[in-house]
file final19.pdb (PDB, C-alpha atoms)
ATOM      1  CA  MET A   1      -1.896   3.721  12.149  1.00  0.00           C
ATOM      2  CA  LEU A   2       0.567   6.542  12.507  1.00  0.00           C
ATOM      3  CA  ALA A   3       4.019   7.233  13.947  1.00  0.00           C
ATOM      4  CA  PHE A   4       4.691   9.941  16.523  1.00  0.00           C
ATOM      5  CA  ARG A   5       7.808  11.234  18.203  1.00  0.00           C
ATOM      6  CA  SER A   6       6.386  10.614  21.696  1.00  0.00           C
ATOM      7  CA  GLU A   7       3.185   9.988  23.685  1.00  0.00           C
ATOM      8  CA  ALA A   8       2.895  13.772  24.203  1.00  0.00           C
ATOM      9  CA  HIS A   9       2.665  14.185  20.432  1.00  0.00           C
ATOM     10  CA  VAL A  10      -0.060  11.508  20.311  1.00  0.00           C
ATOM     11  CA  ASP A  11      -2.050  13.349  22.992  1.00  0.00           C
ATOM     12  CA  ARG A  12      -1.785  16.694  21.198  1.00  0.00           C
ATOM     13  CA  TRP A  13      -2.770  15.161  17.832  1.00  0.00           C
ATOM     14  CA  LEU A  14      -5.822  13.465  19.389  1.00  0.00           C
ATOM     15  CA  GLU A  15      -6.876  16.600  21.258  1.00  0.00           C
ATOM     16  CA  GLN A  16      -6.707  18.747  18.118  1.00  0.00           C
ATOM     17  CA  ARG A  17      -8.940  16.261  16.282  1.00  0.00           C
ATOM     18  CA  ARG A  18     -11.184  15.502  19.266  1.00  0.00           C
ATOM     19  CA  LEU A  19     -10.484  11.811  18.792  1.00  0.00           C
ATOM     20  CA  PRO A  20     -10.456   9.257  21.609  1.00  0.00           C
ATOM     21  CA  ARG A  21      -7.211   7.563  22.557  1.00  0.00           C
ATOM     22  CA  GLY A  22      -6.891   4.222  20.817  1.00  0.00           C
ATOM     23  CA  GLY A  23      -4.020   1.790  21.157  1.00  0.00           C
ATOM     24  CA  SER A  24      -0.370   2.705  21.224  1.00  0.00           C
ATOM     25  CA  CYS A  25       2.923   0.900  21.500  1.00  0.00           C
ATOM     26  CA  SER A  26       6.602   1.580  21.085  1.00  0.00           C
ATOM     27  CA  LEU A  27       8.092   1.432  17.629  1.00  0.00           C
ATOM     28  CA  GLU A  28      10.154  -1.510  18.858  1.00  0.00           C
ATOM     29  CA  GLN A  29       6.907  -3.384  19.641  1.00  0.00           C
ATOM     30  CA  LEU A  30       5.539  -2.326  16.264  1.00  0.00           C
ATOM     31  CA  TRP A  31       8.609  -3.657  14.485  1.00  0.00           C
ATOM     32  CA  ARG A  32       8.228  -7.013  16.277  1.00  0.00           C
ATOM     33  CA  LEU A  33       4.554  -7.075  15.306  1.00  0.00           C
ATOM     34  CA  ALA A  34       5.273  -6.194  11.678  1.00  0.00           C
ATOM     35  CA  ASP A  35       8.038  -8.800  11.514  1.00  0.00           C
ATOM     36  CA  ALA A  36       5.777 -11.558  12.856  1.00  0.00           C
ATOM     37  CA  TRP A  37       2.890 -10.444  10.653  1.00  0.00           C
ATOM     38  CA  TYR A  38       4.652 -10.057   7.317  1.00  0.00           C
ATOM     39  CA  ALA A  39       7.947 -12.015   7.322  1.00  0.00           C
ATOM     40  CA  HIS A  40       6.372 -14.983   5.496  1.00  0.00           C
ATOM     41  CA  ARG A  41       3.919 -13.135   3.242  1.00  0.00           C
ATOM     42  CA  LEU A  42       5.817 -14.139   0.069  1.00  0.00           C
ATOM     43  CA  ALA A  43       5.880 -17.835   0.977  1.00  0.00           C
ATOM     44  CA  PRO A  44       3.790 -20.194  -1.188  1.00  0.00           C
ATOM     45  CA  ASP A  45       2.220 -21.742   1.914  1.00  0.00           C
ATOM     46  CA  TRP A  46       1.480 -18.456   3.692  1.00  0.00           C
ATOM     47  CA  ARG A  47      -1.868 -18.339   5.472  1.00  0.00           C
ATOM     48  CA  ARG A  48      -3.608 -15.741   7.554  1.00  0.00           C
ATOM     49  CA  TYR A  49      -3.220 -15.978  11.337  1.00  0.00           C
ATOM     50  CA  THR A  50      -6.222 -17.360  13.193  1.00  0.00           C
ATOM     51  CA  PRO A  51      -7.826 -15.128  15.856  1.00  0.00           C
ATOM     52  CA  ASP A  52      -6.250 -17.341  18.541  1.00  0.00           C
ATOM     53  CA  GLU A  53      -2.808 -16.846  16.987  1.00  0.00           C
ATOM     54  CA  VAL A  54      -3.324 -13.085  16.738  1.00  0.00           C
ATOM     55  CA  GLU A  55      -4.342 -12.897  20.386  1.00  0.00           C
ATOM     56  CA  ARG A  56      -1.264 -14.899  21.390  1.00  0.00           C
ATOM     57  CA  LEU A  57       0.962 -12.660  19.286  1.00  0.00           C
ATOM     58  CA  PHE A  58      -0.515  -9.487  20.774  1.00  0.00           C
ATOM     59  CA  ALA A  59      -0.021 -10.902  24.265  1.00  0.00           C
ATOM     60  CA  GLU A  60       3.584 -11.923  23.560  1.00  0.00           C
ATOM     61  CA  LEU A  61       4.318  -8.387  22.389  1.00  0.00           C
ATOM     62  CA  GLY A  62       2.631  -6.798  25.393  1.00  0.00           C
ATOM     63  CA  LEU A  63      -0.344  -5.490  23.393  1.00  0.00           C
ATOM     64  CA  VAL A  64      -2.874  -6.181  26.097  1.00  0.00           C
ATOM     65  CA  GLY A  65      -6.012  -4.520  27.439  1.00  0.00           C
ATOM     66  CA  ASP A  66      -9.513  -3.946  26.124  1.00  0.00           C
ATOM     67  CA  PHE A  67      -8.372  -2.053  23.026  1.00  0.00           C
ATOM     68  CA  TRP A  68      -6.374  -4.974  21.659  1.00  0.00           C
ATOM     69  CA  ARG A  69      -9.017  -7.604  22.440  1.00  0.00           C
ATOM     70  CA  LEU A  70     -10.401  -9.409  19.379  1.00  0.00           C
ATOM     71  CA  ARG A  71     -13.388 -10.923  21.126  1.00  0.00           C
ATOM     72  CA  PRO A  72     -15.590  -9.993  24.070  1.00  0.00           C
ATOM     73  CA  ALA A  73     -14.095 -10.868  27.456  1.00  0.00           C
ATOM     74  CA  ALA A  74     -15.255 -14.262  28.729  1.00  0.00           C
TER
ATOM     75  CA  MET B   1      -7.113 -19.261   0.490  1.00  0.00           C
ATOM     76  CA  THR B   2     -10.128 -20.341  -1.537  1.00  0.00           C
ATOM     77  CA  THR B   3      -8.531 -22.218  -4.459  1.00  0.00           C
ATOM     78  CA  ASP B   4      -5.149 -23.180  -5.853  1.00  0.00           C
ATOM     79  CA  LEU B   5      -5.699 -20.534  -8.533  1.00  0.00           C
ATOM     80  CA  ASP B   6      -6.194 -17.918  -5.831  1.00  0.00           C
ATOM     81  CA  ASN B   7      -2.848 -18.797  -4.284  1.00  0.00           C
ATOM     82  CA  ASP B   8      -1.124 -18.730  -7.672  1.00  0.00           C
ATOM     83  CA  VAL B   9      -2.675 -15.322  -8.350  1.00  0.00           C
ATOM     84  CA  ARG B  10      -1.669 -14.088  -4.887  1.00  0.00           C
ATOM     85  CA  LEU B  11       1.926 -15.156  -5.388  1.00  0.00           C
ATOM     86  CA  HIS B  12       2.063 -13.590  -8.855  1.00  0.00           C
ATOM     87  CA  ILE B  13       0.682 -10.284  -7.587  1.00  0.00           C
ATOM     88  CA  TYR B  14       3.212 -10.110  -4.753  1.00  0.00           C
ATOM     89  CA  ARG B  15       6.211 -11.253  -6.778  1.00  0.00           C
ATOM     90  CA  GLU B  16       5.503  -8.831  -9.616  1.00  0.00           C
ATOM     91  CA  PHE B  17       4.763  -6.011  -7.186  1.00  0.00           C
ATOM     92  CA  VAL B  18       8.204  -6.530  -5.623  1.00  0.00           C
ATOM     93  CA  ALA B  19       9.989  -7.035  -8.941  1.00  0.00           C
ATOM     94  CA  GLN B  20       8.324  -4.209 -10.900  1.00  0.00           C
ATOM     95  CA  GLY B  21       7.405  -1.795  -8.130  1.00  0.00           C
ATOM     96  CA  GLU B  22       3.721  -1.946  -9.074  1.00  0.00           C
ATOM     97  CA  PRO B  23       1.069  -4.664  -9.021  1.00  0.00           C
ATOM     98  CA  PRO B  24       0.115  -6.551 -12.191  1.00  0.00           C
ATOM     99  CA  THR B  25      -3.225  -6.028 -13.914  1.00  0.00           C
ATOM    100  CA  VAL B  26      -5.714  -8.860 -14.255  1.00  0.00           C
ATOM    101  CA  ALA B  27      -4.734  -9.214 -17.923  1.00  0.00           C
ATOM    102  CA  GLU B  28      -1.033  -9.419 -17.065  1.00  0.00           C
ATOM    103  CA  THR B  29      -1.649 -12.016 -14.366  1.00  0.00           C
ATOM    104  CA  ALA B  30      -3.910 -14.055 -16.653  1.00  0.00           C
ATOM    105  CA  SER B  31      -1.286 -14.043 -19.372  1.00  0.00           C
ATOM    106  CA  ALA B  32       1.539 -14.998 -16.984  1.00  0.00           C
ATOM    107  CA  LEU B  33      -0.472 -17.873 -15.478  1.00  0.00           C
ATOM    108  CA  ALA B  34      -2.028 -18.977 -18.794  1.00  0.00           C
ATOM    109  CA  GLN B  35      -5.512 -18.509 -17.334  1.00  0.00           C
ATOM    110  CA  ARG B  36      -8.680 -16.870 -18.639  1.00  0.00           C
ATOM    111  CA  GLU B  37      -9.040 -13.224 -17.644  1.00  0.00           C
ATOM    112  CA  ASP B  38     -12.518 -13.728 -16.208  1.00  0.00           C
ATOM    113  CA  GLU B  39     -11.233 -16.524 -13.953  1.00  0.00           C
ATOM    114  CA  VAL B  40      -8.356 -14.353 -12.746  1.00  0.00           C
ATOM    115  CA  ALA B  41     -10.756 -11.443 -12.190  1.00  0.00           C
ATOM    116  CA  HIS B  42     -12.836 -13.704  -9.949  1.00  0.00           C
ATOM    117  CA  ALA B  43      -9.643 -14.680  -8.091  1.00  0.00           C
ATOM    118  CA  TYR B  44      -8.790 -10.995  -7.536  1.00  0.00           C
ATOM    119  CA  ARG B  45     -12.265 -10.458  -6.052  1.00  0.00           C
ATOM    120  CA  ARG B  46     -11.983 -13.570  -3.850  1.00  0.00           C
ATOM    121  CA  LEU B  47      -8.597 -12.389  -2.583  1.00  0.00           C
ATOM    122  CA  GLU B  48     -10.127  -9.028  -1.721  1.00  0.00           C
ATOM    123  CA  HIS B  49     -13.036 -10.733   0.028  1.00  0.00           C
ATOM    124  CA  ALA B  50     -10.502 -12.813   2.012  1.00  0.00           C
ATOM    125  CA  ARG B  51      -8.733  -9.544   2.953  1.00  0.00           C
ATOM    126  CA  VAL B  52      -5.506 -10.577   1.259  1.00  0.00           C
ATOM    127  CA  ILE B  53      -5.514  -7.636  -1.178  1.00  0.00           C
ATOM    128  CA  VAL B  54      -7.455  -4.384  -1.450  1.00  0.00           C
ATOM    129  CA  LEU B  55      -8.758  -3.236  -4.839  1.00  0.00           C
ATOM    130  CA  ALA B  56      -9.191   0.411  -5.781  1.00  0.00           C
ATOM    131  CA  PRO B  57     -12.925   1.130  -5.353  1.00  0.00           C
ATOM    132  CA  GLY B  58     -14.986   0.033  -8.328  1.00  0.00           C
ATOM    133  CA  THR B  59     -12.021  -1.448 -10.188  1.00  0.00           C
ATOM    134  CA  LEU B  60      -9.900  -4.575 -10.435  1.00  0.00           C
ATOM    135  CA  SER B  61      -6.710  -2.559  -9.852  1.00  0.00           C
ATOM    136  CA  VAL B  62      -4.721  -3.630  -6.815  1.00  0.00           C
ATOM    137  CA  TRP B  63      -4.492  -0.751  -4.339  1.00  0.00           C
ATOM    138  CA  MET B  64      -2.833  -2.737  -1.569  1.00  0.00           C
ATOM    139  CA  ALA B  65      -1.258  -6.168  -1.425  1.00  0.00           C
ATOM    140  CA  ASN B  66      -0.387  -5.614   2.203  1.00  0.00           C
ATOM    141  CA  PRO B  67       2.137  -4.576   3.224  1.00  0.00           C
ATOM    142  CA  LEU B  68       2.703  -3.086  -0.249  1.00  0.00           C
ATOM    143  CA  CYS B  69       0.704  -0.051  -1.381  1.00  0.00           C
ATOM    144  CA  ALA B  70       0.421   0.890  -5.064  1.00  0.00           C
ATOM    145  CA  TYR B  71       0.085   4.628  -4.447  1.00  0.00           C
ATOM    146  CA  PRO B  72       2.277   7.192  -2.671  1.00  0.00           C
ATOM    147  CA  SER B  73       1.746   7.498   1.065  1.00  0.00           C
ATOM    148  CA  PRO B  74       3.502   9.193   4.022  1.00  0.00           C
ATOM    149  CA  PHE B  75       5.522   5.972   4.522  1.00  0.00           C
ATOM    150  CA  ARG B  76       8.360   5.539   2.013  1.00  0.00           C
ATOM    151  CA  VAL B  77      10.344   2.327   2.391  1.00  0.00           C
ATOM    152  CA  GLU B  78      13.877   1.705   1.165  1.00  0.00           C
ATOM    153  CA  THR B  79      15.101  -1.879   0.918  1.00  0.00           C
ATOM    154  CA  PRO B  80      17.919  -3.661  -0.906  1.00  0.00           C
ATOM    155  CA  ARG B  81      15.208  -5.005  -3.258  1.00  0.00           C
ATOM    156  CA  GLY B  82      13.815  -1.609  -4.151  1.00  0.00           C
ATOM    157  CA  ASP B  83      11.797   1.288  -2.787  1.00  0.00           C
ATOM    158  CA  PHE B  84       8.094   0.950  -1.970  1.00  0.00           C
ATOM    159  CA  TRP B  85       5.164   2.652  -0.232  1.00  0.00           C
ATOM    160  CA  GLY B  86       3.462   1.279   2.864  1.00  0.00           C
ATOM    161  CA  VAL B  87      -0.023   2.493   3.705  1.00  0.00           C
ATOM    162  CA  CYS B  88       0.788   2.834   7.430  1.00  0.00           C
ATOM    163  CA  ALA B  89       3.689   2.534   9.888  1.00  0.00           C
ATOM    164  CA  TRP B  90       2.899  -1.152  10.534  1.00  0.00           C
ATOM    165  CA  ASP B  91       2.857  -2.053   6.852  1.00  0.00           C
ATOM    166  CA  ALA B  92       5.931   0.042   6.093  1.00  0.00           C
ATOM    167  CA  LEU B  93       7.943  -1.939   8.638  1.00  0.00           C
ATOM    168  CA  GLY B  94       6.237  -5.059   7.267  1.00  0.00           C
ATOM    169  CA  ILE B  95       7.770  -4.378   3.852  1.00  0.00           C
ATOM    170  CA  VAL B  96      11.223  -4.317   5.436  1.00  0.00           C
ATOM    171  CA  SER B  97      10.439  -7.616   7.156  1.00  0.00           C
ATOM    172  CA  MET B  98       8.958  -9.293   4.076  1.00  0.00           C
ATOM    173  CA  LEU B  99      11.979  -8.330   1.969  1.00  0.00           C
ATOM    174  CA  GLY B 100      14.648  -9.658   4.287  1.00  0.00           C
ATOM    175  CA  GLY B 101      14.814  -7.528   7.424  1.00  0.00           C
ATOM    176  CA  ASP B 102      17.095  -4.720   6.231  1.00  0.00           C
ATOM    177  CA  GLY B 103      15.867  -1.286   5.220  1.00  0.00           C
ATOM    178  CA  ALA B 104      14.519   2.048   6.322  1.00  0.00           C
ATOM    179  CA  VAL B 105      11.114   3.693   6.647  1.00  0.00           C
ATOM    180  CA  HIS B 106      11.018   7.427   6.003  1.00  0.00           C
ATOM    181  CA  THR B 107       8.000   9.167   7.471  1.00  0.00           C
ATOM    182  CA  HIS B 108       6.953  12.148   9.598  1.00  0.00           C
ATOM    183  CA  CYS B 109       5.539  12.551  13.077  1.00  0.00           C
ATOM    184  CA  ALA B 110       1.787  12.798  12.424  1.00  0.00           C
ATOM    185  CA  ASP B 111       1.587  15.634  14.993  1.00  0.00           C
ATOM    186  CA  CYS B 112       4.541  17.942  14.349  1.00  0.00           C
ATOM    187  CA  ASN B 113       5.543  16.743  10.853  1.00  0.00           C
ATOM    188  CA  GLU B 114       9.179  16.362  11.872  1.00  0.00           C
ATOM    189  CA  SER B 115      10.852  13.698   9.769  1.00  0.00           C
ATOM    190  CA  MET B 116      11.418  10.274  11.293  1.00  0.00           C
ATOM    191  CA  THR B 117      13.561   7.442   9.975  1.00  0.00           C
ATOM    192  CA  LEU B 118      13.052   3.917  11.248  1.00  0.00           C
ATOM    193  CA  ARG B 119      16.101   1.917  10.293  1.00  0.00           C
ATOM    194  CA  VAL B 120      16.176  -1.877  10.508  1.00  0.00           C
ATOM    195  CA  GLU B 121      19.370  -3.878  10.291  1.00  0.00           C
ATOM    196  CA  ALA B 122      19.433  -7.686  10.441  1.00  0.00           C
ATOM    197  CA  ARG B 123      15.864  -7.660  11.818  1.00  0.00           C
ATOM    198  CA  GLU B 124      16.719  -5.223  14.625  1.00  0.00           C
ATOM    199  CA  LEU B 125      15.258  -1.712  14.873  1.00  0.00           C
ATOM    200  CA  ARG B 126      18.045   0.889  15.137  1.00  0.00           C
ATOM    201  CA  GLY B 127      18.461   4.637  15.282  1.00  0.00           C
ATOM    202  CA  ALA B 128      17.432   7.669  17.267  1.00  0.00           C
ATOM    203  CA  ASP B 129      13.837   7.648  16.009  1.00  0.00           C
ATOM    204  CA  ALA B 130      13.299   4.085  17.247  1.00  0.00           C
ATOM    205  CA  GLY B 131      12.113   5.602  20.542  1.00  0.00           C
ATOM    206  CA  GLY B 132       8.933   6.925  18.965  1.00  0.00           C
ATOM    207  CA  VAL B 133       5.351   5.774  19.393  1.00  0.00           C
ATOM    208  CA  PHE B 134       2.823   4.038  17.165  1.00  0.00           C
ATOM    209  CA  HIS B 135      -0.839   4.901  17.674  1.00  0.00           C
ATOM    210  CA  VAL B 136      -4.006   3.530  16.084  1.00  0.00           C
ATOM    211  CA  VAL B 137      -7.427   5.064  16.728  1.00  0.00           C
ATOM    212  CA  VAL B 138      -9.516   2.153  15.449  1.00  0.00           C
ATOM    213  CA  PRO B 139      -9.599  -1.073  17.532  1.00  0.00           C
ATOM    214  CA  PRO B 140      -8.599  -4.360  15.841  1.00  0.00           C
ATOM    215  CA  THR B 141     -12.179  -5.651  15.618  1.00  0.00           C
ATOM    216  CA  GLN B 142     -13.030  -2.707  13.325  1.00  0.00           C
ATOM    217  CA  TRP B 143      -9.856  -2.430  11.223  1.00  0.00           C
ATOM    218  CA  TRP B 144     -11.439  -3.893   8.102  1.00  0.00           C
ATOM    219  CA  ASP B 145     -14.675  -1.877   8.373  1.00  0.00           C
ATOM    220  CA  ASN B 146     -12.764   0.882   6.573  1.00  0.00           C
ATOM    221  CA  ILE B 147      -9.222  -0.281   5.989  1.00  0.00           C
ATOM    222  CA  ALA B 148      -8.234   2.916   4.194  1.00  0.00           C
ATOM    223  CA  PHE B 149      -9.137   5.034   7.254  1.00  0.00           C
ATOM    224  CA  THR B 150      -7.547   2.532   9.624  1.00  0.00           C
TER
END

call {"tool": "encode", "arguments": {"input": "final19.pdb", "output": "structure tokens"}}
result
Amino acid sequence: MLAFRSEAHVDRWLEQRRLPRGGSCSLEQLWRLADAWYAHRLAPDWRRYTPDEVERLFAELGLVGDFWRLRPAA
Amino acid sequence: MTTDLDNDVRLHIYREFVAQGEPPTVAETASALAQREDEVAHAYRRLEHARVIVLAPGTLSVWMANPLCAYPSPFRVETPRGDFWGVCAWDALGIVSMLGGDGAVHTHCADCNESMTLRVEARELRGADAGGVFHVVVPPTQWWDNIAFT
């Protein structure tokens, strides 16, 4: 889970390590994800998101496609 | 959360981590909560099993109480409530969120090592480096198979 200056930097980093492309998003999307994920972590009644809630959150943020899927496609 | 004790332990770990800059030991948590150390040790293990915290391998020392990381990483986070380490870009921004939505993440492009600063003000991402990209190799279904690698 790393930060890069651009998609071209991601491609070069993957090629040098012979790693497959995973999932990527803008840092703006990442900030929205981090904010939704962690904003309430200090609350006494915090609870982990359910898989359904995570899937909804990913979809709302535009994190869609096979990589971001939590369960096999129906 | 498995028990009320687990939630009390969770809250103590997080609050002390934020206040002191490092997570409390089992003995410190037991003393603060007036609980037996062996009961608190079990709570630490249950919290790890529930993927709330990560313990350093073979120990009861908290390595991560996500988004907080107990050891230096490439993601340094400045907030009005103190400076912390995040284990990844997601968690580093998560620290800013958890502590009020103002702060900055100082890191480097994983490819070229050029410094990047992700500044957040009033829960909005600002700055020239905000146009960068986040990439994760491991898909979500496998993140916890090896959370340190992820």

call {"tool": "residues_near_point", "arguments": {"input": "final19.pdb", "point": "(-3.2, -6.2, 20.9)", "cutoff": "10 Å", "atoms": "only C-alpha atoms", "output": "tab-separated table (two decimals) with C-alpha atoms, in the frame of the given file"}}
result
chain	number	residue	atom	x	y	z
A	23	GLY	CA	-4.02	1.79	21.16
A	24	SER	CA	-0.37	2.70	21.22
A	25	CYS	CA	2.92	0.90	21.50
A	33	LEU	CA	4.55	-7.08	15.31
A	54	VAL	CA	-3.32	-13.08	16.74
A	55	GLU	CA	-4.34	-12.90	20.39
A	56	ARG	CA	-1.26	-14.90	21.39
A	57	LEU	CA	0.96	-12.66	19.29
A	58	PHE	CA	-0.52	-9.49	20.77
A	59	ALA	CA	-0.02	-10.90	24.26
A	60	GLU	CA	3.58	-11.92	23.56
A	61	LEU	CA	4.32	-8.39	22.39
A	62	GLY	CA	2.63	-6.80	25.39
A	63	LEU	CA	-0.34	-5.49	23.39
A	64	VAL	CA	-2.87	-6.18	26.10
A	65	GLY	CA	-6.01	-4.52	27.44
A	66	ASP	CA	-9.51	-3.95	26.12
A	67	PHE	CA	-8.37	-2.05	23.03
A	68	TRP	CA	-6.37	-4.97	21.66
A	69	ARG	CA	-9.02	-7.60	22.44
A	70	LEU	CA	-10.40	-9.41	19.38
B	139	PRO	CA	-9.60	-1.07	17.53
B	140	PRO	CA	-8.60	-4.36	15.84

call {"tool": "closest_residue", "arguments": {"input": "final19.pdb", "among": "B:Ala92, B:Ala41, B:Ala104, B:Ala122", "to": "chain A", "atoms": "only C-alpha atoms"}}
result
B:Ala92

call {"tool": "closest_residue", "arguments": {"input": "final19.pdb", "among": "B:Glu78, B:Ala50, B:Pro23, B:Ala70", "to": "chain A", "atoms": "all atoms listed in the file"}}
result
B:Ala50

call {"tool": "atom_distance", "arguments": {"input": "final19.pdb", "atom1": "atom CA of Val26 of chain B", "atom2": "atom CA of Pro80 of chain B"}}
result
27.6 Å

call {"tool": "closest_residue", "arguments": {"input": "final19.pdb", "among": "A:Arg71, A:Asp52, A:Arg41, A:Trp46", "to": "Val18 of chain B", "atoms": "only C-alpha atoms"}}
result
A:Arg41

call {"tool": "atom_distance", "arguments": {"input": "final19.pdb", "atom1": "atom CA of Gly131 of chain B", "atom2": "atom CA of Arg5 of chain A"}}
result
7.5 Å

call {"tool": "resolve_selection", "arguments": {"input": "final19.pdb", "expression": "the ChimeraX specification (/B :<10) & /A", "output": "count of residues only"}}
result
51

call {"tool": "atom_distance", "arguments": {"input": "final19.pdb", "atom1": "atom CA of Gly58 of chain B", "atom2": "atom CA of Arg46 of chain B"}}
result
14.6 Å

call {"tool": "residues_around", "arguments": {"input": "final19.pdb", "residues": "Val77 of chain B", "least_positions_apart": "2", "cutoff": "7 Å", "atoms": "all atoms listed in the file", "output": "PyMOL selection string"}}
result
chain B and resi 75+79+83-86+92+104-106

call {"tool": "write_last_selection", "arguments": {"input": "final19.pdb", "atoms": "C-alpha atoms", "output": "PDB file, keeping the file's coordinate frame"}}
result
ATOM      1  CA  PHE B  75       5.522   5.972   4.522  1.00  0.00           C
ATOM      2  CA  THR B  79      15.101  -1.879   0.918  1.00  0.00           C
ATOM      3  CA  ASP B  83      11.797   1.288  -2.787  1.00  0.00           C
ATOM      4  CA  PHE B  84       8.094   0.950  -1.970  1.00  0.00           C
ATOM      5  CA  TRP B  85       5.164   2.652  -0.232  1.00  0.00           C
ATOM      6  CA  GLY B  86       3.462   1.279   2.864  1.00  0.00           C
ATOM      7  CA  ALA B  92       5.931   0.042   6.093  1.00  0.00           C
ATOM      8  CA  ALA B 104      14.519   2.048   6.322  1.00  0.00           C
ATOM      9  CA  VAL B 105      11.114   3.693   6.647  1.00  0.00           C
ATOM     10  CA  HIS B 106      11.018   7.427   6.003  1.00  0.00           C
TER      11      HIS B 106
END

call {"tool": "residues_near_point", "arguments": {"input": "final19.pdb", "point": "(-2.3, -15.8, -14.2)", "cutoff": "12 Å", "atoms": "all atoms listed in the file", "output": "PyMOL selection string"}}
result
chain B and resi 4-13+16+24-44

call {"tool": "closest_residue", "arguments": {"input": "final19.pdb", "among": "B:His49, B:Arg119, B:Thr59, B:Thr3", "to": "Arg76 of chain B", "atoms": "all atoms listed in the file"}}
result
B:Arg119
